[in-house]
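Visitor: The structure under discussion is supplied below as structure tokens; questions concerning it will follow.
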Amino acid sequence: MNNLEEAIIGLQRQINALQGRVDVNLSREFTPSAQAATPGTVVRRDADGDITITELHALGSIRESTALGAHVYYDAAQSIVDRTVTVLTFNSERFDTDDCHSNSVNPTRLTCRTSGIYAISGHVRFASNATGTRRLLLRLNGATFIAEQGVPALSGSITGISVAVAAYPLSANDYIELVVLQTSGGNLDVQSVGNATPEFSMVRVP
């Protein structure tokens with residue numbers, strides 16, 4: 001194996017470590033008397049002292065090495081009816097790297113665009129009320145609950161609640177929603193507090 005082949009294999013290994021998809025194309029070779037090396041090139045000197053500079057062009061995508069997913073929130077309180085399963089809506093994004101969320105079309109959903117294993121979580125805070133219980137759930141495709149957390153209401157204080165799945169397989173176009181249920185005896189707000197509630201995220205595990 002010559003130096004050029006070793007250099008190409010080394011480059012391919014580095015790219016593969018990023019879990020990307022790369023085609024290496026030796027698109028142009030020339031033998032100037034001298035030329036400085038630049039990123040993306042391999043420099044080789046032959047037995048006669050001539051320098052060959054080979055440009056390596058990485059074609060394709062390293063999309064799969066990027067953290068894919070979204071983190072969304074809602075910037076106002078949402079009133080939750082007593083004993084009614086309610087899907088929360090989200091109108092703002094902290095990030096969205098894979099077109100998972102829309103603020104106007106199905107704003108309750110985080111939609112999987114790239115199949116894989118995802119970490120999914122949500123957090124809400126209910127207004128102060130000492131009666132009943134509070135539940136927070138993750139729902140898949142409008143039908144299947146994949147995680148649930150329930151807590152009793154805290155007397156004289158707000159009630160915060162979180163739910164999470166560390167790793168869950170999703171296929172393209174699967175979607176997750178954050179669902180709440182409360183039994184206070186009347187309407188009760190899910191509060192909006194900056195960077196705290198309500199928050200909802202889904203990120204593909206590398």
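Letters A, B, ... mark the chains of the structure tokens in the order given; residue numbers begin at 1 per chain; ligand numbers begin at 1, in order shown.
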Please tabulate, as CSV, the residues of range 124-158 of chain A that come within 7 Å of range 183-200 of chain A, each with its closest pair of atoms and the distance in Å to one decimal, counting only C-alpha atoms and ordering rows by chain, then residue number upward.

Guide:
```
residue,atom,partner,partner_atom,distance
A:Val124,CA,A:Pro198,CA,4.5
A:Arg125,CA,A:Val190,CA,5.6
A:Phe126,CA,A:Val190,CA,4.5
A:Ala127,CA,A:Asp189,CA,5.5
A:Asn129,CA,A:Ser184,CA,6.9
A:Thr131,CA,A:Ser184,CA,4.8
A:Gly132,CA,A:Thr183,CA,4.8
A:Thr133,CA,A:Thr183,CA,5.5
A:Arg134,CA,A:Thr183,CA,6.8
```

Visitor: Do a neighbour search on range 140-148 of chain A at 8 Å with only C-alpha atoms, toss out local chain neighbours closer than 6 positions, and write the hits as a short mmCIF file (atom, residue, chain, number, x, y, z; two decimals) with C-alpha atoms, in the first residue's frame.

Guide:
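As written to disk, out-v8.cif reads:
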```
data_model
loop_
_atom_site.label_atom_id
_atom_site.label_comp_id
_atom_site.auth_asym_id
_atom_site.auth_seq_id
_atom_site.Cartn_x
_atom_site.Cartn_y
_atom_site.Cartn_z
CA VAL A 163 -41.86 12.55 31.89
CA ALA A 164 -39.14 11.01 29.74
CA VAL A 165 -38.11 8.03 27.62
CA ASP A 174 -44.14 8.78 13.56
CA TYR A 175 -45.08 11.63 15.87
CA ILE A 176 -45.10 12.23 19.62
CA GLU A 177 -47.42 14.49 21.63
#
```

Visitor: If you take only C-alpha atoms and a cut-off of 9 Å, which residues of range 91-173 of chain A touch range 70-87 of chain A, and what are their nearest atom pairs and distances in Å to one decimal, in chain and number order, as CSV?

Guide:
```
residue,atom,partner,partner_atom,distance
A:Asn91,CA,A:Tyr74,CA,5.2
A:Ser92,CA,A:Tyr73,CA,5.4
A:Glu93,CA,A:Val72,CA,4.3
A:Arg94,CA,A:His71,CA,5.4
A:Phe95,CA,A:Ala70,CA,5.3
A:Asp96,CA,A:Ala70,CA,4.1
A:Thr97,CA,A:Ala70,CA,6.3
A:Asp98,CA,A:Ala70,CA,7.3
A:Asp99,CA,A:Ala70,CA,8.0
A:Cys100,CA,A:Ala70,CA,6.1
A:His101,CA,A:Ala70,CA,7.1
A:Thr108,CA,A:Val87,CA,6.8
A:Leu110,CA,A:Ala70,CA,7.3
```

Visitor: Next, dump the selected residues to file, keeping only C-alpha atoms, as a PDB file, in the first residue's frame.

Guide:
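Here's the written file part_7.pdb:
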```pdb
ATOM      1  CA  ASN A  91     -45.833  27.758  19.361  1.00  0.00           C
ATOM      2  CA  SER A  92     -42.104  28.393  19.761  1.00  0.00           C
ATOM      3  CA  GLU A  93     -38.910  26.468  19.051  1.00  0.00           C
ATOM      4  CA  ARG A  94     -35.602  26.433  20.885  1.00  0.00           C
ATOM      5  CA  PHE A  95     -34.190  24.404  18.010  1.00  0.00           C
ATOM      6  CA  ASP A  96     -35.436  22.196  15.183  1.00  0.00           C
ATOM      7  CA  THR A  97     -32.731  20.510  13.115  1.00  0.00           C
ATOM      8  CA  ASP A  98     -34.915  18.077  11.148  1.00  0.00           C
ATOM      9  CA  ASP A  99     -38.231  19.844  10.436  1.00  0.00           C
ATOM     10  CA  CYS A 100     -39.856  18.012  13.338  1.00  0.00           C
ATOM     11  CA  HIS A 101     -42.245  20.780  14.366  1.00  0.00           C
ATOM     12  CA  THR A 108     -48.942  19.662  19.163  1.00  0.00           C
ATOM     13  CA  LEU A 110     -42.920  16.437  17.208  1.00  0.00           C
TER      14      LEU A 110
END
```

Visitor: Expressed in Å to a single decimal, how great is the separation between CA of Ser162 in chain A and CA of Ser115 in chain A?

Guide: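 So the two atoms, CA of Ser162 in chain A and CA of Ser115 in chain A, lie 24.9 Å apart.
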